[in-house]
Each structure stands twice: as structure tokens, then as C-alpha cells.
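Here's upload-v2.cif, which has mmCIF, C-alpha atoms:
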data_query
#
loop_
_atom_site.group_PDB
_atom_site.id
_atom_site.type_symbol
_atom_site.label_atom_id
_atom_site.label_comp_id
_atom_site.auth_asym_id
_atom_site.auth_seq_id
_atom_site.Cartn_x
_atom_site.Cartn_y
_atom_site.Cartn_z
ATOM 1 C CA MET A 28 -181.497 -142.637 40.593
ATOM 2 C CA ASN A 29 -180.122 -146.011 41.476
ATOM 3 C CA ILE A 30 -176.974 -147.581 40.080
ATOM 4 C CA GLU A 31 -178.744 -149.754 37.488
ATOM 5 C CA GLU A 32 -180.729 -146.781 36.207
ATOM 6 C CA PHE A 33 -177.455 -144.868 35.893
ATOM 7 C CA ARG A 34 -175.930 -147.743 33.923
ATOM 8 C CA ILE A 35 -178.909 -147.868 31.566
ATOM 9 C CA CYS A 36 -178.724 -144.106 31.116
ATOM 10 C CA CYS A 37 -175.033 -144.289 30.175
ATOM 11 C CA LEU A 38 -175.611 -147.151 27.748
ATOM 12 C CA ALA A 39 -178.378 -145.125 26.072
ATOM 13 C CA VAL A 40 -175.709 -142.737 24.755
ATOM 14 C CA LYS A 41 -175.165 -143.427 21.067
ATOM 15 C CA GLY A 42 -172.129 -145.690 20.642
ATOM 16 C CA ALA A 43 -171.543 -146.122 24.384
ATOM 17 C CA THR A 44 -169.660 -149.127 25.704
ATOM 18 C CA GLU A 45 -169.035 -150.322 29.236
ATOM 19 C CA GLY A 46 -166.186 -152.185 30.802
ATOM 20 C CA PHE A 47 -163.632 -152.478 33.584
ATOM 21 C CA PRO A 48 -160.519 -150.840 32.077
ATOM 22 C CA PHE A 49 -158.823 -150.145 35.418
ATOM 23 C CA GLN A 50 -158.540 -153.760 36.605
ATOM 24 C CA SER A 51 -154.833 -153.890 35.816
ATOM 25 C CA PHE A 52 -154.380 -150.969 38.226
ATOM 26 C CA GLY A 53 -156.191 -152.836 40.997
ATOM 27 C CA ALA A 54 -159.493 -150.991 40.559
ATOM 28 C CA LYS A 55 -161.565 -154.077 39.847
ATOM 29 C CA THR A 56 -164.920 -152.532 40.777
ATOM 30 C CA ILE A 57 -164.763 -149.382 38.622
ATOM 31 C CA LEU A 58 -167.308 -149.622 35.819
ATOM 32 C CA ALA A 59 -166.413 -147.210 33.024
ATOM 33 C CA PHE A 60 -168.464 -145.907 30.131
ATOM 34 C CA LYS A 61 -166.822 -144.795 26.923
ATOM 35 C CA VAL A 62 -167.800 -143.312 23.615
ATOM 36 C CA MET A 63 -165.388 -143.626 20.678
ATOM 37 C CA ASP A 64 -163.025 -145.320 23.173
ATOM 38 C CA LYS A 65 -162.923 -142.169 25.353
ATOM 39 C CA LEU A 66 -164.077 -142.175 28.968
ATOM 40 C CA PHE A 67 -167.182 -140.090 29.696
ATOM 41 C CA ALA A 68 -168.382 -141.581 33.002
ATOM 42 C CA TYR A 69 -167.432 -144.116 35.633
ATOM 43 C CA ILE A 70 -168.670 -145.434 38.952
ATOM 44 C CA ASP A 71 -167.307 -147.645 41.717
ATOM 45 C CA LEU A 72 -169.663 -150.598 42.122
ATOM 46 C CA ALA A 73 -168.377 -151.361 45.627
ATOM 47 C CA PRO A 74 -167.677 -148.099 47.479
ATOM 48 C CA LYS A 75 -166.400 -148.599 51.018
ATOM 49 C CA ASP A 76 -168.900 -146.094 52.412
ATOM 50 C CA LEU A 77 -171.784 -147.541 50.323
ATOM 51 C CA VAL A 78 -172.369 -144.156 48.656
ATOM 52 C CA PHE A 79 -172.528 -144.435 44.886
ATOM 53 C CA ARG A 80 -170.714 -141.591 43.144
ATOM 54 C CA ALA A 81 -170.846 -141.263 39.384
ATOM 55 C CA TRP A 82 -167.976 -139.287 37.875
ATOM 56 C CA MET A 83 -168.546 -137.406 34.636
ATOM 57 C CA LYS A 84 -167.024 -134.729 32.461
ATOM 58 C CA CYS A 85 -168.598 -131.304 32.607
ATOM 59 C CA ASP A 86 -168.046 -127.814 31.315
ATOM 60 C CA PRO A 87 -166.017 -126.183 34.145
ATOM 61 C CA GLU A 88 -168.292 -123.156 34.582
ATOM 62 C CA ARG A 89 -171.384 -125.314 34.631
ATOM 63 C CA ALA A 90 -169.788 -127.655 37.180
ATOM 64 C CA ILE A 91 -169.203 -124.746 39.568
ATOM 65 C CA GLU A 92 -172.818 -123.605 39.197
ATOM 66 C CA LEU A 93 -174.098 -127.133 39.798
ATOM 67 C CA ARG A 94 -171.974 -127.582 42.932
ATOM 68 C CA GLU A 95 -173.420 -124.334 44.301
ATOM 69 C CA THR A 96 -176.965 -125.568 43.644
ATOM 70 C CA TYR A 97 -176.870 -129.240 44.690
ATOM 71 C CA HIS A 98 -175.210 -130.887 47.685
ATOM 72 C CA GLY A 99 -175.061 -134.117 45.666
ATOM 73 C CA ILE A 100 -172.691 -132.657 43.078
ATOM 74 C CA ILE A 101 -169.138 -132.728 44.316
ATOM 75 C CA PRO A 102 -165.685 -131.752 43.053
ATOM 76 C CA TYR A 103 -163.292 -134.343 41.723
ATOM 77 C CA GLY A 104 -160.766 -135.114 44.470
ATOM 78 C CA ARG A 105 -159.295 -132.500 46.770
ATOM 79 C CA GLU A 106 -158.805 -129.901 44.086
ATOM 80 C CA PRO A 107 -161.802 -129.292 41.842
ATOM 81 C CA ALA A 108 -160.758 -130.662 38.469
ATOM 82 C CA LYS A 109 -161.729 -128.449 35.627
ATOM 83 C CA ALA A 110 -163.378 -131.120 33.536
ATOM 84 C CA TRP A 111 -164.758 -133.672 36.038
ATOM 85 C CA HIS A 112 -167.285 -133.719 38.860
ATOM 86 C CA GLY A 113 -169.081 -136.323 40.913
ATOM 87 C CA VAL A 114 -172.783 -136.928 41.361
ATOM 88 C CA LEU A 115 -174.110 -138.750 44.401
ATOM 89 C CA LEU A 116 -176.778 -140.929 42.829
ATOM 90 C CA GLU A 117 -179.170 -141.001 45.751
ATOM 91 C CA SER A 118 -179.137 -137.337 46.736
ATOM 92 C CA ASP A 119 -180.844 -134.032 45.995
ATOM 93 C CA VAL A 120 -179.875 -134.247 42.309
ATOM 94 C CA PRO A 121 -182.993 -134.996 40.231
ATOM 95 C CA ASP A 122 -182.888 -138.036 37.954
ATOM 96 C CA SER A 123 -183.661 -135.807 34.982
ATOM 97 C CA LEU A 124 -180.555 -133.731 35.707
ATOM 98 C CA ILE A 125 -178.395 -136.836 36.060
ATOM 99 C CA ARG A 126 -179.602 -138.002 32.634
ATOM 100 C CA GLU A 127 -178.827 -134.568 31.229
ATOM 101 C CA LEU A 128 -175.345 -134.637 32.795
ATOM 102 C CA VAL A 129 -174.605 -138.067 31.322
ATOM 103 C CA ASN A 130 -175.457 -136.756 27.860
ATOM 104 C CA HIS A 131 -173.504 -133.558 28.492
ATOM 105 C CA SER A 132 -170.467 -135.592 29.525
ATOM 106 C CA ALA A 133 -170.616 -137.660 26.340
ATOM 107 C CA GLU A 134 -170.993 -134.475 24.291
ATOM 108 C CA GLU A 135 -167.919 -132.971 25.989
ATOM 109 C CA VAL A 136 -165.927 -136.062 25.003
ATOM 110 C CA ILE A 137 -167.200 -135.995 21.433
ATOM 111 C CA LYS A 138 -166.310 -132.298 21.112
ATOM 112 C CA SER A 139 -162.738 -133.126 22.102
ATOM 113 C CA LEU A 140 -162.336 -135.678 19.298
ATOM 114 C CA SER A 141 -160.625 -134.886 16.030
ATOM 115 C CA LYS A 142 -162.924 -133.719 13.217
ATOM 116 C CA LYS A 143 -162.416 -137.064 11.500
ATOM 117 C CA LYS A 144 -163.492 -139.037 14.581
ATOM 118 C CA GLN A 145 -166.455 -136.707 15.088
ATOM 119 C CA GLU A 146 -167.591 -137.506 11.550
ATOM 120 C CA ILE A 147 -167.198 -141.231 12.196
ATOM 121 C CA TYR A 148 -169.264 -140.829 15.365
ATOM 122 C CA LYS A 149 -172.022 -138.989 13.480
ATOM 123 C CA GLN A 150 -172.183 -141.855 10.952
ATOM 124 C CA GLN A 151 -172.712 -144.517 13.626
ATOM 125 C CA ILE A 152 -176.130 -146.056 13.922
#

What do you get writing this file as C-alpha cells?
Amino acid sequence: MNIEEFRICCLAVKGATEGFPFQSFGAKTILAFKVMDKLFAYIDLAPKDLVFRAWMKCDPERAIELRETYHGIIPYGREPAKAWHGVLLESDVPDSLIRELVNHSAEEVIKSLSKKKQEIYKQQI
């Protein structure tokens, strides 16, 4: 999957928005995707090593299983974060799985919302 296909996939999530919320912190090339104003995925559009990594939320147990199966799924930072993992877009990870992981990430975010916000989300077009 290329970077534009990833972007389209993220924007296909119901209610998804995109933006550059980290510019004030000096991260001007980080494109973030949110649902209900909560981050579910982001990607650096100008990585120094030219390797595009998409970062997404994931169920911790599933993330461990995925990292054991695919070289292109990596832990978040030095210590594997419980809720985040990276996906190398042009790697051994099938496009269909990346699409599934984008949707899973958005679902993880939605599950973390208050019941009231979940109801608002369900009512969106």
C-alpha cells in the first residue's frame, strides 16, 4: 500500500478527519487521522529514511501476534506500547490487513469514548 492509498483508507472511516495537529510541537510533516476528535492513526509524510510508517491503535494481544507474523509490523518506540504499533506501508503486510488495521484502530478509539459520545458517533451520517 502506498501513502495515498493509506490516506484514502483512513478517510473512509466514518467521521474521519485529517490534519497536522503536531505543527506547534515542530512536527510539521505528521499527518494525523482522528475520529470524534481522537487520534486513531498518523504518518510522517517526510521520513528521513524514506520508509513510510503508519502508526495505529491496536488491541495489545493482537499487536503482539501481528508482530510475530509480519516483519512490517513494529512496536511503538523502544518499549512496545500497549495500545500502538507501526506498519511499514511497503512491506510484507498485505493491503487488506492494513485496511483492517485502520478500521480496528478507529474501533478501538470509539470503544474508549464515553457512552454519550459513542451514541453521537453512531448517529453520524

(request) Could you tell me which residues the PyMOL selection byres ((chain A and resi 55-66) around 6) returns for this structure, as a list in words? (result)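 When the PyMOL selection byres ((chain A and resi 55-66) around 6) is applied, the selected residues are Gly42, Ala43, Thr44, Glu45, Gly46, Phe47, Gln50, Gly53, Ala54, Phe67, Ala68, Tyr69, Ile70, Asp71 and Leu72 of chain A.
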
Would you write out those residues with C-alpha atoms, as a short mmCIF file (atom, residue, chain, number, x, y, z; two decimals), keeping the file's coordinate frame?
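The resulting file, again08.cif, is reproduced below:
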data_model
loop_
_atom_site.label_atom_id
_atom_site.label_comp_id
_atom_site.auth_asym_id
_atom_site.auth_seq_id
_atom_site.Cartn_x
_atom_site.Cartn_y
_atom_site.Cartn_z
CA GLY A 42 -172.13 -145.69 20.64
CA ALA A 43 -171.54 -146.12 24.38
CA THR A 44 -169.66 -149.13 25.70
CA GLU A 45 -169.04 -150.32 29.24
CA GLY A 46 -166.19 -152.18 30.80
CA PHE A 47 -163.63 -152.48 33.58
CA GLN A 50 -158.54 -153.76 36.60
CA GLY A 53 -156.19 -152.84 41.00
CA ALA A 54 -159.49 -150.99 40.56
CA PHE A 67 -167.18 -140.09 29.70
CA ALA A 68 -168.38 -141.58 33.00
CA TYR A 69 -167.43 -144.12 35.63
CA ILE A 70 -168.67 -145.43 38.95
CA ASP A 71 -167.31 -147.65 41.72
CA LEU A 72 -169.66 -150.60 42.12
#

(message) I'd like the contact shell of stretch 127-130 of chain A - 9 Å cut-off, all atoms listed in the file, skipping same-chain residues fewer than 6 positions apart - returned as a VMD selection string.
(response) chain A and resid 33 36 to 37 40 67 to 68 83 to 85

(request) Tell me which of A:Ser139, A:Ala81, A:Pro121, A:Met28 sits closest to A:Tyr97, counting all atoms listed in the file. (result)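 Answer, going by the shortest atom-to-atom distance: A:Pro121.
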
(request) Would you mind telling me which residue in A:His131, A:Phe79, A:Pro102, A:Val120 lies nearest to A:Arg34 when using only C-alpha atoms? (result)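 Checking each candidate against A:Arg34, we get A:Phe79 as the closest.
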
If we count all atoms listed in the file and set the cut-off at 9 Å, which residues sit around A:Lys109, ignoring sequence neighbours fewer than 5 positions away in its own chain? Please answer as a PDB file with C-alpha atoms, in the frame of the given file.
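What landed in around15.pdb:
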ATOM      1  CA  LYS A  84    -167.024-134.729  32.461  1.00  0.00           C
ATOM      2  CA  CYS A  85    -168.598-131.304  32.607  1.00  0.00           C
ATOM      3  CA  ASP A  86    -168.046-127.814  31.315  1.00  0.00           C
ATOM      4  CA  PRO A  87    -166.017-126.183  34.145  1.00  0.00           C
ATOM      5  CA  GLU A  88    -168.292-123.156  34.582  1.00  0.00           C
ATOM      6  CA  ALA A  90    -169.788-127.655  37.180  1.00  0.00           C
ATOM      7  CA  TYR A 103    -163.292-134.343  41.723  1.00  0.00           C
TER       8      TYR A 103
END

(request) Kindly indicate which residue among A:Ser132, A:Ser51, A:Ser141, A:Ser123 lies nearest to A:Trp82, using all atoms listed in the file for the distances. (result)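 The closest residue to A:Trp82 is A:Ser132.
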
(request) Would you mind reading off the distance between atom CA of A:Leu115 and atom CA of A:Lys138, one decimal, in Å? (result)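 The value is 25.4 Å.
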
(request) Between atom CA of A:Gln151 and atom CA of A:Arg89, measure the distance and give it in Å to one decimal. (result)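 For atom CA of A:Gln151 relative to atom CA of A:Arg89, the distance reads 28.5 Å.
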
(message) Just the number, please: distance in Å from atom CA of A:Gly99 to atom CA of A:Ile125, one decimal.
(response)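 Atom CA of A:Ile125 lies 10.5 Å from atom CA of A:Gly99.
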
(request) Can you work out which one of A:Ala133, A:Leu140, A:Ile147, A:Val78 has the shortest atom-to-atom distance to A:Gly113, counting only C-alpha atoms? (result)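 Result for the nearest residue to A:Gly113: A:Val78.
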
(message) Need to verify the contact set: A:His98, 8 Å, only C-alpha atoms, exclusion of same-chain residues closer than 3 positions in sequence. Can you return it as JSON, numbers by chain?
(response) {"A": [94, 95, 101, 118, 119, 120]}

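Distances from A:Trp111, A:Asp122, A:Gln150, A:Ile91 to A:Val136 were compared using only C-alpha atoms, and the smallest one belongs to A:Trp111.
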
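The residue that comes closest to A:Leu38, out of A:Thr96, A:His112, A:Ile137, A:Arg126 and on the basis of all atoms listed in the file, is A:Arg126.
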
Is it possible to add all heavy atoms to stretch 109-120 of chain A and hand it back as a JSON list (two decimals), in the coordinates of the input?
[["chain", "number", "residue", "atom", "x", "y", "z"],
["A", 109, "LYS", "N", -160.99, -129.31, 36.52],
["A", 109, "LYS", "CA", -161.73, -128.45, 35.63],
["A", 109, "LYS", "C", -162.76, -129.20, 34.80],
["A", 109, "LYS", "O", -163.79, -128.64, 34.46],
["A", 109, "LYS", "CB", -160.76, -127.71, 34.71],
["A", 109, "LYS", "CG", -159.91, -126.72, 35.47],
["A", 109, "LYS", "CD", -159.03, -125.93, 34.54],
["A", 109, "LYS", "CE", -158.24, -124.94, 35.36],
["A", 109, "LYS", "NZ", -157.46, -124.06, 34.57],
["A", 110, "ALA", "N", -162.49, -130.43, 34.47],
["A", 110, "ALA", "CA", -163.38, -131.12, 33.54],
["A", 110, "ALA", "C", -164.21, -132.24, 34.16],
["A", 110, "ALA", "O", -165.04, -132.81, 33.48],
["A", 110, "ALA", "CB", -162.56, -131.68, 32.38],
["A", 111, "TRP", "N", -164.04, -132.55, 35.43],
["A", 111, "TRP", "CA", -164.76, -133.67, 36.04],
["A", 111, "TRP", "C", -165.47, -133.24, 37.32],
["A", 111, "TRP", "O", -165.00, -132.35, 38.03],
["A", 111, "TRP", "CB", -163.79, -134.81, 36.37],
["A", 111, "TRP", "CG", -163.30, -135.52, 35.16],
["A", 111, "TRP", "CD1", -162.21, -135.18, 34.39],
["A", 111, "TRP", "CD2", -163.87, -136.67, 34.55],
["A", 111, "TRP", "NE1", -162.08, -136.07, 33.36],
["A", 111, "TRP", "CE2", -163.08, -137.00, 33.42],
["A", 111, "TRP", "CE3", -164.97, -137.48, 34.85],
["A", 111, "TRP", "CZ2", -163.36, -138.08, 32.59],
["A", 111, "TRP", "CZ3", -165.25, -138.56, 34.04],
["A", 111, "TRP", "CH2", -164.44, -138.85, 32.92],
["A", 112, "HIS", "N", -166.58, -133.91, 37.60],
["A", 112, "HIS", "CA", -167.28, -133.72, 38.86],
["A", 112, "HIS", "C", -167.98, -135.03, 39.22],
["A", 112, "HIS", "O", -168.13, -135.91, 38.37],
["A", 112, "HIS", "CB", -168.31, -132.58, 38.77],
["A", 112, "HIS", "CG", -169.45, -132.88, 37.87],
["A", 112, "HIS", "ND1", -169.40, -132.65, 36.52],
["A", 112, "HIS", "CD2", -170.68, -133.41, 38.12],
["A", 112, "HIS", "CE1", -170.54, -133.03, 35.97],
["A", 112, "HIS", "NE2", -171.33, -133.49, 36.90],
["A", 113, "GLY", "N", -168.38, -135.13, 40.46],
["A", 113, "GLY", "CA", -169.08, -136.32, 40.91],
["A", 113, "GLY", "C", -170.54, -136.02, 41.20],
["A", 113, "GLY", "O", -170.89, -134.90, 41.54],
["A", 114, "VAL", "N", -171.36, -137.05, 41.04],
["A", 114, "VAL", "CA", -172.78, -136.93, 41.36],
["A", 114, "VAL", "C", -173.14, -138.07, 42.30],
["A", 114, "VAL", "O", -172.92, -139.24, 41.97],
["A", 114, "VAL", "CB", -173.66, -137.00, 40.09],
["A", 114, "VAL", "CG1", -175.13, -136.95, 40.45],
["A", 114, "VAL", "CG2", -173.30, -135.88, 39.12],
["A", 115, "LEU", "N", -173.62, -137.73, 43.47],
["A", 115, "LEU", "CA", -174.11, -138.75, 44.40],
["A", 115, "LEU", "C", -175.47, -139.20, 43.87],
["A", 115, "LEU", "O", -176.39, -138.38, 43.74],
["A", 115, "LEU", "CB", -174.25, -138.18, 45.81],
["A", 115, "LEU", "CG", -172.98, -137.55, 46.40],
["A", 115, "LEU", "CD1", -173.26, -136.95, 47.77],
["A", 115, "LEU", "CD2", -171.86, -138.56, 46.48],
["A", 116, "LEU", "N", -175.58, -140.47, 43.52],
["A", 116, "LEU", "CA", -176.78, -140.93, 42.83],
["A", 116, "LEU", "C", -178.05, -140.80, 43.65],
["A", 116, "LEU", "O", -179.09, -140.45, 43.13],
["A", 116, "LEU", "CB", -176.61, -142.38, 42.35],
["A", 116, "LEU", "CG", -175.59, -142.58, 41.23],
["A", 116, "LEU", "CD1", -175.65, -144.02, 40.74],
["A", 116, "LEU", "CD2", -175.81, -141.62, 40.08],
["A", 117, "GLU", "N", -177.97, -141.09, 44.92],
["A", 117, "GLU", "CA", -179.17, -141.00, 45.75],
["A", 117, "GLU", "C", -179.04, -139.77, 46.64],
["A", 117, "GLU", "O", -178.71, -139.87, 47.83],
["A", 117, "GLU", "CB", -179.36, -142.29, 46.52],
["A", 117, "GLU", "CG", -179.63, -143.46, 45.57],
["A", 117, "GLU", "CD", -179.85, -144.79, 46.25],
["A", 117, "GLU", "OE1", -180.02, -144.81, 47.49],
["A", 117, "GLU", "OE2", -179.87, -145.80, 45.54],
["A", 118, "SER", "N", -179.31, -138.61, 46.04],
["A", 118, "SER", "CA", -179.14, -137.34, 46.74],
["A", 118, "SER", "C", -180.20, -136.36, 46.26],
["A", 118, "SER", "O", -181.24, -136.76, 45.74],
["A", 118, "SER", "CB", -177.73, -136.79, 46.45],
["A", 118, "SER", "OG", -177.61, -136.42, 45.08],
["A", 119, "ASP", "N", -179.90, -135.08, 46.40],
["A", 119, "ASP", "CA", -180.84, -134.03, 46.00],
["A", 119, "ASP", "C", -180.80, -133.74, 44.50],
["A", 119, "ASP", "O", -181.54, -132.89, 44.02],
["A", 119, "ASP", "CB", -180.57, -132.74, 46.78],
["A", 119, "ASP", "CG", -179.20, -132.15, 46.50],
["A", 119, "ASP", "OD1", -178.27, -132.90, 46.13],
["A", 119, "ASP", "OD2", -179.04, -130.92, 46.67],
["A", 120, "VAL", "N", -179.98, -134.46, 43.75],
["A", 120, "VAL", "CA", -179.88, -134.25, 42.31],
["A", 120, "VAL", "C", -181.00, -135.02, 41.62],
["A", 120, "VAL", "O", -181.07, -136.25, 41.73],
["A", 120, "VAL", "CB", -178.49, -134.70, 41.78],
["A", 120, "VAL", "CG1", -178.38, -134.40, 40.29],
["A", 120, "VAL", "CG2", -177.37, -134.03, 42.55]]
